[in-house]
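Here the structure is laid out as structure tokens; the discussion comes afterwards.
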Amino acid sequence: MSLIVQKFGGTSVANAEKIKGAARKAIRAQQEGHQVVMVVSAMGKQTDFLVSLAREISDKPPAREMDMLLSTGEQVSVALVAMAIHELGSAAVSLTGGQIGIKTDSSHTKARIQSIDTERMRRHLDDGKIIIAAGFQGIDDDYNITTLGRGGSDTTAVALAAVLRADSCEIYTDVDGVFTTDPRVVPSARKMDRVSHDEMLELASLGAGVMHSRSIEFGKKFDVPIHVRNSASFSDEPGTIIGSFPESAKRAVSGAALTKNEARISIVGVPDRPGSMQLIFSHLSAVNVAVDMIVQNVAAGGLAEIAFTVLESDLATALNAVEKAAALLNGARVTHDANVSKVSIVGLGMATQAGVADRMFRALAEAGINILAITTSQIKISVLVSRVQSLEALRAVHGEFELEKPPGDRSEFGAAPVKVERPSAVDIVARLQKMEELTIDNIRLDDSQARVTITQVPDKPGIAAAVFEAVASEEIMVDMIVQGTGHDGEAKLSFTVPHDSLKIALATAGQVATQLGCGQVTHDPRIAILSVFGIGIRTHTGVGVRMFNALSKAGINVDMISTSEVRVNVVVAADKGAAGLAALKEAFADVLG
Ligand code: ADP
Ligand code: ASP
Ligand code: MG
């Protein structure tokens, strides 16, 4: 018998009428012959209300008690939904996370799922009942109630769909699906028919709040098809399928996202030797601050400069930790900027198409927006801009890639272009034992690239655009781009290109540098790029630390870094590539799938 998981977000159960509507949807699915598990969030803004209530009592409420409080929101909704189903004449049972047997670790307010018991759910389903599961909560080994982090009901839903091997997981929300960017911020945003797991992972972690990013990790790991749709639509309009395929095979960019409240921390004068990075990031990981957009550019005069962003709400904690680390790195200085935002574009097609970065940079330059930092991965480009210009920046890039228009080769809704190989049952069972643990899929060495660095780049709009337009006009495929924070009003811009494009890339960069009044162009004909690919890389704060630890132990210096949701890249000297690869494989041996 087929099984459907249906998740209803806060706005979709905000009042009695909507609760009845959700109940009807579940009953209808059951009448169509499916077993049904509903996952329900707290009503409307109830979780926000509970958070503010706690703040009235204490500035620093104990995390355990926060979870005790917040979990009540979902408990109210599941009971009401169960009553609504009974009222409509069907059988239902509401269950808390603990009653289902959703086991988590003990990190209150951001717990991770370790295992889920299916026995009790199966029994109720076989009795013909609709299960109504409380979203976003679990229980630890000591029976303490835990929560999964704000927005975590999506993760409960996809996790239940994974363990129950559901045929589909429907996420009912207050918009028609996943849009090319937040439709409330950019009204011209377009609903996508489908989006791939990797793109959605990047979008969700880069600010597209429609899905909890950890839910997409589950979706990818266990191959759960996710259907995001509007709970208010009576006609059951199709929404967006998050699955193995992108919407278009040709389009370079699928979506754009904004993380508004970021802060940038820069450390200058860091000794350029093995272990410096490890020292800094272990201090941050010790206080559990997730670090984003790490920008480390090639060093000059034995001193490196490292910048990264954290959520503005983590700034004070992060600064404290970094100051301590800097004190151990003689002479390193820490500066910060609390008013920055990150604008990103994401697309699978970017990996194989030249001339994407320059278009993004040109659109920003034309809007008069200065780029404070750049990082790229295979399928995304992120830039840091000043917060007052962030909305304008998002609109500019959304317009530049014509995301409001449907792609020409759009695959029709529901039609999978190619049959997917679903993982075997044995594979699934092996993976299920790990649930939300970090999974590393692959560790690779790419020694086909060379590095070009333009120094003393003036810190004003239009420079990155001019550089990458020139490079793209020579049809050179750029892999990594790293632009460091300019101190003294100067930035450094590095990028990597295939060996056989180095000569022309250098000539082009030299010309542009002269035209724009930059400093010298330096290069390294042979570099090694070490990449760690996996699921949960960003949400597991220790990944960077493990990498830097392993490389530092092997005596290998890190020259450049770029990170994304699914991949971390570091550049090391060419003759250290093989040793670095071996060190990383050893360091991740326990989680390498
Ligand atoms: P729920 O309560 O149903 O979980 P959320 O508020 O968590 O709903 O998520 C839905 C909201 O996500 C939308 O109202 C929308 O403003 C926002 N959003 C942000 N980015 C996107 C995007 N790319 N596509 C759709 N919605 C988005
Ligand atoms: N109610 C929780 C929140 O508001 C979980 C969720 O809705 O996903 O964050
Ligand atoms: Mg949500």
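For the structure tokens, the naming scheme is as follows: chains receive sequential letters (A, B, ...) according to their order of presentation, residues are indexed from 1 within each chain, and ligands are indexed from 1 in presentation order.
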
(Q) For the strand (DSSP E) assignment from backbone DSSP, which residues of range 172-207 of chain A qualify? Please present them as a list in words. (A)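 Going through range 172-207 of chain A, the strand (DSSP E) residues come out as Tyr172, Thr173, Arg194, Val195 and Ser196 of chain A.
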
Q: Within 7 Å of ligand 3, which residues show up when you count only C-alpha atoms and all ligand atoms? List them as a PyMOL selection string, please.
A: chain A and resi 9+151+153-154+209-212

Cut-off 6 Å: closest chain A/ligand 1 atom pairs per residue, using only C-alpha atoms and all ligand atoms, as a tab-separated table:
residue	atom	partner	partner_atom_place_in_ligand_line	distance
A:Gly9	CA	ligand 1	3 (O)	3.3
A:Gly10	CA	ligand 1	2 (O)	4.1
A:Thr11	CA	ligand 1	2 (O)	5.3
A:Gly151	CA	ligand 1	7 (O)	5.7
A:Thr173	CA	ligand 1	3 (O)	3.6
A:Asp174	CA	ligand 1	14 (O)	5.4
A:Val175	CA	ligand 1	13 (C)	5.6
A:Gly177	CA	ligand 1	25 (C)	5.8
A:Val178	CA	ligand 1	24 (N)	3.8
A:Phe179	CA	ligand 1	24 (N)	3.6
A:Thr180	CA	ligand 1	23 (N)	5.3
A:Thr181	CA	ligand 1	23 (N)	3.9
A:Asp182	CA	ligand 1	20 (N)	3.5
A:Arg184	CA	ligand 1	16 (O)	5.1
A:Ala208	CA	ligand 1	20 (N)	3.6
A:Gly209	CA	ligand 1	19 (C)	4.3
A:Val210	CA	ligand 1	12 (O)	3.5

Store the residues picked out above in a file with N, CA and C atoms, as a short mmCIF file (atom, residue, chain, number, x, y, z; two decimals), in the first residue's frame.
data_model
loop_
_atom_site.label_atom_id
_atom_site.label_comp_id
_atom_site.auth_asym_id
_atom_site.auth_seq_id
_atom_site.Cartn_x
_atom_site.Cartn_y
_atom_site.Cartn_z
N GLY A 9 2.62 23.59 7.48
CA GLY A 9 3.36 24.62 8.20
C GLY A 9 2.42 25.49 9.03
N GLY A 10 3.01 26.39 9.81
CA GLY A 10 2.25 27.22 10.75
C GLY A 10 1.06 27.95 10.13
N THR A 11 1.27 28.60 8.99
CA THR A 11 0.16 29.36 8.40
C THR A 11 -0.93 28.42 7.87
N GLY A 151 12.04 26.11 12.01
CA GLY A 151 11.71 25.59 10.68
C GLY A 151 11.86 24.08 10.59
N THR A 173 2.41 24.71 2.33
CA THR A 173 2.86 25.98 2.92
C THR A 173 2.01 27.13 2.40
N ASP A 174 2.50 28.38 2.56
CA ASP A 174 1.67 29.54 2.19
C ASP A 174 2.07 30.16 0.86
N VAL A 175 2.91 29.48 0.10
CA VAL A 175 3.22 29.93 -1.27
C VAL A 175 3.03 28.73 -2.20
N GLY A 177 4.95 27.11 -4.13
CA GLY A 177 6.03 26.16 -4.33
C GLY A 177 7.35 26.85 -4.07
N VAL A 178 8.42 26.32 -4.65
CA VAL A 178 9.71 26.97 -4.52
C VAL A 178 9.85 27.96 -5.68
N PHE A 179 10.14 29.19 -5.35
CA PHE A 179 10.26 30.23 -6.37
C PHE A 179 11.73 30.50 -6.67
N THR A 180 11.96 31.22 -7.77
CA THR A 180 13.33 31.53 -8.16
C THR A 180 14.02 32.41 -7.11
N THR A 181 13.24 33.15 -6.35
CA THR A 181 13.74 33.79 -5.13
C THR A 181 12.51 34.10 -4.29
N ASP A 182 12.68 34.59 -3.06
CA ASP A 182 11.53 34.81 -2.19
C ASP A 182 10.50 35.73 -2.86
N ARG A 184 8.03 37.18 -1.79
CA ARG A 184 7.60 38.33 -0.99
C ARG A 184 8.61 39.46 -1.08
N ALA A 208 16.91 30.90 1.34
CA ALA A 208 15.54 30.62 0.88
C ALA A 208 14.80 29.86 1.98
N GLY A 209 14.10 30.61 2.82
CA GLY A 209 13.51 30.05 4.04
C GLY A 209 12.35 29.11 3.82
N VAL A 210 12.00 28.83 2.58
CA VAL A 210 10.84 27.99 2.33
C VAL A 210 11.04 26.55 2.83
#

Tell me, counting only C-alpha atoms and all ligand atoms, for each residue of chain A within 7 Å of ligand 2, which pair of atoms is nearest and how far apart they are in Å to one decimal, in rows ordered by chain and increasing number, as CSV.
residue,atom,partner,partner_atom_place_in_ligand_line,distance
A:Gly9,CA,ligand 2,7 (O),5.6
A:Gly10,CA,ligand 2,7 (O),5.5
A:Ser41,CA,ligand 2,7 (O),4.6
A:Ala42,CA,ligand 2,1 (N),4.6
A:Lys45,CA,ligand 2,4 (O),6.9
A:Thr47,CA,ligand 2,4 (O),4.9
A:Asp48,CA,ligand 2,4 (O),6.6
A:Gly73,CA,ligand 2,1 (N),6.7
A:Glu74,CA,ligand 2,1 (N),6.6
A:Gly135,CA,ligand 2,5 (C),6.4
A:Phe136,CA,ligand 2,5 (C),5.2
A:Gly149,CA,ligand 2,9 (O),6.6
A:Arg150,CA,ligand 2,9 (O),3.3
A:Gly151,CA,ligand 2,8 (O),3.2
A:Gly152,CA,ligand 2,8 (O),4.2
A:Ser153,CA,ligand 2,8 (O),3.7
A:Asp154,CA,ligand 2,8 (O),5.8

Q: Check the smallest atom-to-atom distance from each of A:Val532, A:Asp198, A:Val356, A:Val572 to Arg451 in chain A using only C-alpha atoms, then report the winner.
A: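 Of A:Val532, A:Asp198, A:Val356, A:Val572, the one nearest Arg451 in chain A, counting only C-alpha atoms, is A:Val572.
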
Q. To one decimal place, how far is CA of Leu584 in chain A from CA of Gln449 in chain A in Å?
A.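 Going from CA of Leu584 in chain A over to CA of Gln449 in chain A, I get 19.6 Å.
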
Q | Best match for closeness to Ala351 in chain A among A:Val253, A:Leu438, A:Ala161, A:Val291, counting only C-alpha atoms | A |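 Smallest distance to Ala351 in chain A is found for A:Val253.
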
Q: Considering only C-alpha atoms, state which residue in the set A:Thr496, A:Ser115, A:Ser215, A:Thr309 is at the smallest distance from Ile242 in chain A.
A: A:Ser215

Q: Just the residues within 8 Å of range 266-278 of chain A, please, counting only C-alpha atoms, with nothing from its chain fewer than 2 positions along; format it as an MDAnalysis selection string.
A: chainID A and resid 264 280:282 299 302:308 326 329:336 485 545 548:549 551:553 555:558

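Near Lys260 in chain A, within 8 Å and counting only C-alpha atoms, sit Gly207, Leu258, Glu262, Val340, Ser341, Lys342, Arg387 and Ser390 of chain A; same-chain residues fewer than 2 positions away were not included.
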
Q | For Ile504 in chain A: contacts at 9 Å, only C-alpha atoms, fewer than 5 positions along chain excluded, given as a list in words | A | Val471, Glu474, Ile476 and Ala509 of chain A

Residues as selected, N, CA and C atoms, written as a PDB file, in the first residue's frame, can you do that?
ATOM      1  N   VAL A 471      38.015  37.756 -19.146  1.00  0.00           N
ATOM      2  CA  VAL A 471      38.371  36.334 -19.101  1.00  0.00           C
ATOM      3  C   VAL A 471      37.341  35.496 -19.888  1.00  0.00           C
ATOM      4  N   GLU A 474      37.541  35.334 -23.645  1.00  0.00           N
ATOM      5  CA  GLU A 474      38.532  34.393 -24.186  1.00  0.00           C
ATOM      6  C   GLU A 474      38.054  32.948 -24.025  1.00  0.00           C
ATOM      7  N   ILE A 476      37.503  31.248 -21.404  1.00  0.00           N
ATOM      8  CA  ILE A 476      38.237  30.492 -20.381  1.00  0.00           C
ATOM      9  C   ILE A 476      37.254  30.070 -19.289  1.00  0.00           C
ATOM     10  N   ALA A 509      44.477  39.049 -17.746  1.00  0.00           N
ATOM     11  CA  ALA A 509      44.449  39.656 -16.414  1.00  0.00           C
ATOM     12  C   ALA A 509      45.427  40.829 -16.350  1.00  0.00           C
TER      13      ALA A 509
END

Q. Excluding same-chain residues fewer than 3 positions from Ile527 in chain A, what lies within 6 Å of it counting only C-alpha atoms, as a list of chain:residue names?
A.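 Neighbouring residues, sequence-local ones excluded: A:Ala450, A:Ala573, A:Ala574.
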
Output N, CA and C atoms of each residue in that selection to a file, as a PDB file, in the first residue's frame.
ATOM      1  N   ALA A 450      45.552  26.075 -12.532  1.00  0.00           N
ATOM      2  CA  ALA A 450      46.578  27.057 -12.189  1.00  0.00           C
ATOM      3  C   ALA A 450      45.884  28.242 -11.531  1.00  0.00           C
ATOM      4  N   ALA A 573      49.748  23.651  -2.271  1.00  0.00           N
ATOM      5  CA  ALA A 573      50.820  23.584  -3.275  1.00  0.00           C
ATOM      6  C   ALA A 573      50.720  22.275  -4.054  1.00  0.00           C
ATOM      7  N   ALA A 574      51.081  22.328  -5.348  1.00  0.00           N
ATOM      8  CA  ALA A 574      50.910  21.168  -6.223  1.00  0.00           C
ATOM      9  C   ALA A 574      51.609  19.927  -5.670  1.00  0.00           C
TER      10      ALA A 574
END

Q | range 156-382 of chain A: residues DSSP assigns to alpha helix (DSSP H), reported as a ChimeraX atom specification | A | /A:156-163,197-205,213-222,276-286,315-327,357-366

Q: Find the residues near Ala464 in chain A: any atom within 8 Å, counting only C-alpha atoms, skip ones fewer than 4 places away on the same chain, and give them as a PyMOL selection string.
A: chain A and resi 358+361-362+468

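Relative to CA of Ala54 in chain A, CA of Val76 in chain A is found at 18.0 Å.
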
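We find CA of His34 in chain A and CA of Arg112 in chain A to be spaced 29.0 Å apart.
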
Q. So which one's closest to Asp337 in chain A, A:Val385, A:Val36, A:Ala23, A:Val322? Using only C-alpha atoms, please.
A.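 Counting only C-alpha atoms, the residue closest to Asp337 in chain A is A:Val385.
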
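Shortest separation to Ile561 in chain A among A:Asp292, A:Asp409, A:Glu400, A:Asp193 occurs at residue A:Asp292, atoms counted being only C-alpha atoms.
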